[in-house]
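Read the structure below first, then the notes.
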Amino acid sequence: MQSQPPPLQWLAPGQDFPPSSQSWDKNSPAPGLLAAGGALDVDTLRQAYSQGIFPWFSQGQPTLWWSPDPRMVLDVREFRLHPSFKKTLEKFRNTAGCEIRIDSAFEQVMHACSSSPRAGQAGTWIGPEMRAAYGALHRAGLAHSVETWVDGELAGGLYCVALGKFVFGESMFSRSPNASKIALAALVAFCRHHAIGQIDCQQNTPHLASLGAREICRDLFAQQVAAGLAQAAPVWQFDAIYWQELLPSSSMPT
């Protein structure tokens, strides 16, 4: 049975977020909803993510801010590399013309993700306002794209927010089979190499669970975010040697 949620706080631009504990609970019409309004500038987004808060709204809605409890998180050491996908990765790694790039086509990745609705949504949530906001975050060095390229063509990818040594996954897309999953595997390999422990997945989906993501309580999530923020950010570049974090050395070309 749904409970009556508390009044939703409306934020003025630059106003601090309320405590995440004030977000609507799991029995409300919108579990995890925390506030509305405010701004989507770089400083506000940095403040939000540092507190485990993210924006998510459809076109025609006000800016909505969320902090769900529990939180879906992928511990990169628990990433499930199923045998069939392992073969796919080995083939990709060893095929000329197949490569992973970081931040070479951020705007293209966001635009492609905008045509891939989230589960349960009929339309896109990545409208022009969101693309502009995350484009600015990218130019500030706080948002990145991980891209799967095949024969000079962008086949798939994802974008994320990164503060210190914590990564917040946002959205992904594919134009060919497994292309987005390859990009995610590359991000996992990158994170393992740089001692980044978790990737925030925000919401629970069967697909994420099949890859090893699991729910944790919001308090533990906040502790993990704080620990990541306290560490220096890595250089966001991909090196083929990072594949060794997922693939045995015997599968690597000499």
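If you're wondering about the labels, chains in the structure tokens are A, B, ... by order shown, residues count from 1 in each chain, ligands from 1 in order shown.
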
**Item:** Polymer residues at most 8 Å from region 32-44 of chain A, only C-alpha atoms, same-chain spacing of 4 or more positions, as JSON, numbers by chain
**Value:** {"A": [8, 9, 10, 11, 12, 13, 14, 15, 17, 18, 20, 22, 23, 24, 25, 26, 48, 62, 63, 64, 65, 66, 67, 68, 69, 130, 133, 136, 137, 140]}

Can you write just those residues out, C-alpha atoms, as an mmCIF file, in the first residue's frame?
data_model
loop_
_atom_site.group_PDB
_atom_site.id
_atom_site.type_symbol
_atom_site.label_atom_id
_atom_site.label_comp_id
_atom_site.auth_asym_id
_atom_site.auth_seq_id
_atom_site.Cartn_x
_atom_site.Cartn_y
_atom_site.Cartn_z
ATOM 1 C CA LEU A 8 8.394 17.768 -2.152
ATOM 2 C CA GLN A 9 11.040 20.423 -1.599
ATOM 3 C CA TRP A 10 11.444 22.879 -4.473
ATOM 4 C CA LEU A 11 14.957 24.256 -4.852
ATOM 5 C CA ALA A 12 16.044 27.690 -5.982
ATOM 6 C CA PRO A 13 19.165 27.817 -8.199
ATOM 7 C CA GLY A 14 22.209 27.412 -5.962
ATOM 8 C CA GLN A 15 20.222 26.158 -2.973
ATOM 9 C CA PHE A 17 20.018 19.822 -1.381
ATOM 10 C CA PRO A 18 18.046 18.465 1.560
ATOM 11 C CA SER A 20 19.033 12.232 1.262
ATOM 12 C CA GLN A 22 14.252 12.975 3.226
ATOM 13 C CA SER A 23 13.698 11.241 -0.114
ATOM 14 C CA TRP A 24 10.388 9.455 -0.629
ATOM 15 C CA ASP A 25 10.390 5.886 0.655
ATOM 16 C CA LYS A 26 9.755 2.637 -1.211
ATOM 17 C CA ALA A 48 24.528 16.419 -6.207
ATOM 18 C CA PRO A 62 10.621 19.984 -13.892
ATOM 19 C CA THR A 63 14.129 18.946 -12.919
ATOM 20 C CA LEU A 64 13.722 16.051 -10.481
ATOM 21 C CA TRP A 65 16.447 14.888 -8.093
ATOM 22 C CA TRP A 66 16.687 11.323 -6.757
ATOM 23 C CA SER A 67 18.444 9.426 -3.981
ATOM 24 C CA PRO A 68 16.961 5.903 -3.818
ATOM 25 C CA ASP A 69 17.419 3.468 -0.974
ATOM 26 C CA MET A 130 20.378 17.239 -20.025
ATOM 27 C CA ALA A 133 24.328 20.045 -18.780
ATOM 28 C CA ALA A 136 29.396 21.172 -19.667
ATOM 29 C CA LEU A 137 30.236 18.573 -17.021
ATOM 30 C CA ALA A 140 34.878 20.396 -16.778
#

**Asked** What's the 9 Å shell around Lys181 (chain A), counting only C-alpha atoms, without same-chain residues fewer than 5 positions away, as a ChimeraX atom specification?
**Response** /A:85,156-157,172-174,186

Those residues you just picked out, can you put them in a file as a tab-separated table (two decimals), in the first residue's frame with N, CA and C atoms?
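That gives us result04.tsv:
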chain	number	residue	atom	x	y	z
A	85	PHE	N	30.44	-14.32	-23.38
A	85	PHE	CA	30.87	-12.92	-23.54
A	85	PHE	C	32.38	-12.80	-23.43
A	156	GLY	N	28.99	1.57	-30.24
A	156	GLY	CA	28.27	1.59	-28.98
A	156	GLY	C	29.10	2.30	-27.93
A	157	GLY	N	28.51	2.46	-26.76
A	157	GLY	CA	29.26	3.12	-25.70
A	157	GLY	C	28.39	3.48	-24.52
A	172	MET	N	23.80	3.94	-21.70
A	172	MET	CA	24.59	3.28	-22.73
A	172	MET	C	23.75	3.04	-23.97
A	173	PHE	N	24.39	2.72	-25.06
A	173	PHE	CA	23.68	2.43	-26.30
A	173	PHE	C	24.49	1.44	-27.13
A	174	SER	N	23.82	0.78	-28.06
A	174	SER	CA	24.48	-0.15	-28.99
A	174	SER	C	23.94	0.05	-30.39
A	186	ALA	N	35.05	-2.61	-20.66
A	186	ALA	CA	36.24	-1.77	-20.71
A	186	ALA	C	36.28	-0.82	-19.51

Once you count only C-alpha atoms, what closest atom pair and distance in Å to one decimal does each residue of region 40-61 of chain A within 12 Å of region 214-223 of chain A have, with rows by chain and rising residue number, as JSON lines?
{"residue": "A:Ala48", "atom": "CA", "partner": "A:Ala222", "partner_atom": "CA", "distance": 11.8}
{"residue": "A:Tyr49", "atom": "CA", "partner": "A:Ala222", "partner_atom": "CA", "distance": 10.2}
{"residue": "A:Ser50", "atom": "CA", "partner": "A:Ala222", "partner_atom": "CA", "distance": 8.6}
{"residue": "A:Gln51", "atom": "CA", "partner": "A:Ala222", "partner_atom": "CA", "distance": 6.9}
{"residue": "A:Gly52", "atom": "CA", "partner": "A:Ala222", "partner_atom": "CA", "distance": 6.4}
{"residue": "A:Ile53", "atom": "CA", "partner": "A:Ala222", "partner_atom": "CA", "distance": 9.9}

Emit the selected residues as a short mmCIF file (atom, residue, chain, number, x, y, z; two decimals), in the first residue's frame, including N, CA and C atoms.
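File written: selection.cif
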data_model
loop_
_atom_site.label_atom_id
_atom_site.label_comp_id
_atom_site.auth_asym_id
_atom_site.auth_seq_id
_atom_site.Cartn_x
_atom_site.Cartn_y
_atom_site.Cartn_z
N ALA A 48 25.51 17.50 -6.25
CA ALA A 48 24.53 16.42 -6.21
C ALA A 48 25.22 15.06 -6.17
N TYR A 49 26.09 14.81 -7.14
CA TYR A 49 26.73 13.50 -7.21
C TYR A 49 27.59 13.22 -5.99
N SER A 50 28.21 14.24 -5.43
CA SER A 50 29.04 14.03 -4.24
C SER A 50 28.19 13.60 -3.04
N GLN A 51 26.87 13.84 -3.13
CA GLN A 51 25.96 13.42 -2.06
C GLN A 51 25.11 12.21 -2.48
N GLY A 52 25.46 11.61 -3.61
CA GLY A 52 24.72 10.44 -4.06
C GLY A 52 23.36 10.77 -4.66
N ILE A 53 23.21 11.98 -5.18
CA ILE A 53 21.96 12.46 -5.75
C ILE A 53 22.14 12.63 -7.25
#

Close residues, region 235-240 of chain A itself excluded, 9 Å, only C-alpha atoms, min 3 positions apart in chain, as an mmCIF file with N, CA and C atoms, in the first residue's frame:
data_model
loop_
_atom_site.group_PDB
_atom_site.id
_atom_site.type_symbol
_atom_site.label_atom_id
_atom_site.label_comp_id
_atom_site.auth_asym_id
_atom_site.auth_seq_id
_atom_site.Cartn_x
_atom_site.Cartn_y
_atom_site.Cartn_z
ATOM 1 N N ARG A 93 39.253 -7.850 -28.615
ATOM 2 C CA ARG A 93 40.604 -7.421 -28.233
ATOM 3 C C ARG A 93 41.634 -7.792 -29.282
ATOM 4 N N GLU A 99 38.557 -1.193 -31.233
ATOM 5 C CA GLU A 99 39.271 -0.481 -30.173
ATOM 6 C C GLU A 99 38.300 0.212 -29.226
ATOM 7 N N ILE A 100 38.806 0.485 -28.044
ATOM 8 C CA ILE A 100 38.100 1.276 -27.042
ATOM 9 C C ILE A 100 38.734 2.662 -27.000
ATOM 10 N N ARG A 101 37.890 3.662 -27.039
ATOM 11 C CA ARG A 101 38.359 5.035 -26.867
ATOM 12 C C ARG A 101 37.598 5.658 -25.703
ATOM 13 N N ILE A 102 38.221 6.619 -25.058
ATOM 14 C CA ILE A 102 37.580 7.385 -23.990
ATOM 15 C C ILE A 102 37.561 8.855 -24.385
ATOM 16 N N ASP A 103 36.378 9.436 -24.325
ATOM 17 C CA ASP A 103 36.179 10.879 -24.525
ATOM 18 C C ASP A 103 36.515 11.378 -25.927
ATOM 19 N N HIS A 144 32.527 11.455 -18.624
ATOM 20 C CA HIS A 144 33.353 10.781 -19.619
ATOM 21 C C HIS A 144 32.524 9.799 -20.445
ATOM 22 N N VAL A 146 32.893 6.190 -22.664
ATOM 23 C CA VAL A 146 33.693 5.005 -22.998
ATOM 24 C C VAL A 146 33.067 4.432 -24.262
ATOM 25 N N ALA A 186 35.052 -2.613 -20.658
ATOM 26 C CA ALA A 186 36.240 -1.766 -20.706
ATOM 27 C C ALA A 186 36.276 -0.818 -19.510
ATOM 28 N N LEU A 187 35.118 -0.293 -19.134
ATOM 29 C CA LEU A 187 35.068 0.577 -17.960
ATOM 30 C C LEU A 187 35.431 -0.203 -16.703
ATOM 31 N N PHE A 190 39.134 -0.654 -16.734
ATOM 32 C CA PHE A 190 39.752 0.631 -16.385
ATOM 33 C C PHE A 190 39.685 0.854 -14.874
ATOM 34 N N TRP A 243 42.873 -4.676 -20.505
ATOM 35 C CA TRP A 243 42.088 -5.890 -20.719
ATOM 36 C C TRP A 243 42.591 -7.050 -19.863
ATOM 37 N N GLN A 244 43.849 -6.978 -19.444
ATOM 38 C CA GLN A 244 44.382 -8.050 -18.609
ATOM 39 C C GLN A 244 43.659 -8.143 -17.267
#

**Item:** All residues 8 Å or closer to region 107-114 of chain A, only C-alpha atoms, same chain fewer than 2 positions away omitted, as a PyMOL selection string
**Value:** chain A and resi 105+116-117+124-127+131+135+145+147+156-159+171-173

Generate a file of the selected residues that holds N, CA and C atoms, formatted as a CSV table (one decimal), in the first residue's frame.
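Wrote selection09.csv, looks like this:
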chain,number,residue,atom,x,y,z
A,105,ALA,N,34.3,11.0,-28.4
A,105,ALA,CA,33.0,11.4,-29.1
A,105,ALA,C,31.9,11.5,-28.0
A,116,SER,N,17.7,5.9,-26.5
A,116,SER,CA,17.6,4.6,-25.8
A,116,SER,C,16.9,4.8,-24.4
A,117,PRO,N,15.5,4.7,-24.4
A,117,PRO,CA,14.8,5.0,-23.1
A,117,PRO,C,15.2,4.0,-22.0
A,124,THR,N,12.5,9.3,-24.2
A,124,THR,CA,13.8,9.6,-23.7
A,124,THR,C,13.8,10.5,-22.5
A,125,TRP,N,14.8,10.3,-21.6
A,125,TRP,CA,14.9,11.2,-20.5
A,125,TRP,C,16.1,12.1,-20.7
A,126,ILE,N,16.8,11.9,-21.8
A,126,ILE,CA,18.0,12.7,-22.1
A,126,ILE,C,17.7,13.8,-23.1
A,127,GLY,N,17.0,14.8,-22.7
A,127,GLY,CA,16.6,15.9,-23.6
A,127,GLY,C,17.7,16.9,-23.8
A,131,ARG,N,21.5,17.1,-22.2
A,131,ARG,CA,22.7,17.0,-23.0
A,131,ARG,C,23.6,18.2,-22.8
A,135,GLY,N,27.2,17.9,-21.2
A,135,GLY,CA,28.3,18.4,-22.0
A,135,GLY,C,29.2,19.4,-21.3
A,145,SER,N,33.0,9.6,-21.6
A,145,SER,CA,32.4,8.5,-22.5
A,145,SER,C,33.4,7.4,-22.7
A,147,GLU,N,33.9,4.3,-25.3
A,147,GLU,CA,33.3,4.1,-26.7
A,147,GLU,C,33.9,2.8,-27.3
A,156,GLY,N,29.0,1.6,-30.2
A,156,GLY,CA,28.3,1.6,-29.0
A,156,GLY,C,29.1,2.3,-27.9
A,157,GLY,N,28.5,2.5,-26.8
A,157,GLY,CA,29.3,3.1,-25.7
A,157,GLY,C,28.4,3.5,-24.5
A,158,LEU,N,29.0,4.2,-23.6
A,158,LEU,CA,28.3,4.7,-22.4
A,158,LEU,C,28.9,6.0,-22.0
A,159,TYR,N,28.2,6.7,-21.1
A,159,TYR,CA,28.8,7.8,-20.5
A,159,TYR,C,28.5,7.8,-19.0
A,171,SER,N,24.2,6.1,-18.8
A,171,SER,CA,23.4,5.5,-19.9
A,171,SER,C,24.3,4.9,-20.9
A,172,MET,N,23.8,3.9,-21.7
A,172,MET,CA,24.6,3.3,-22.7
A,172,MET,C,23.7,3.0,-24.0
A,173,PHE,N,24.4,2.7,-25.1
A,173,PHE,CA,23.7,2.4,-26.3
A,173,PHE,C,24.5,1.4,-27.1

Per residue of region 75-154 of chain A within 8 Å of region 194-198 of chain A, record the nearest atom pair and its distance in Å to one decimal, counting only C-alpha atoms, with rows in chain order and ascending residue number, as a Markdown table.
| residue | atom | partner | partner_atom | distance |
| --- | --- | --- | --- | --- |
| A:Asp75 | CA | A:Gln198 | CA | 4.5 |
| A:Val76 | CA | A:Gln198 | CA | 5.7 |
| A:Arg77 | CA | A:Gly197 | CA | 7.5 |

**Request:** Using DSSP on the backbone, list every residue of region 24-226 of chain A that comes out as alpha helix (DSSP H), and give them as a count of residues only.
**Result:** 69

**Request:** Compare A:Trp56, A:Phe79, A:Phe92, A:Tyr242 by their minimum atom-to-atom distance to Glu170 (chain A), counting only C-alpha atoms, and give me the closest one.
**Result:** A:Trp56

**Request:** Any chance you could list, as a PyMOL selection string, the residues in region 6-245 of chain A that come up strand (DSSP E or B) when DSSP is run on the backbone?
**Result:** chain A and resi 9-11+33-37+54-55+64-66+71-75+98-102+143-150+153-163+166-174+198-202+214-216

**Message:** One number please: CA of Ala183 (chain A) to CA of Thr148 (chain A), in Å, one decimal.
**Reply:** 5.7 Å

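CA of Leu81 (chain A) sits 10.7 Å away from CA of Val188 (chain A).
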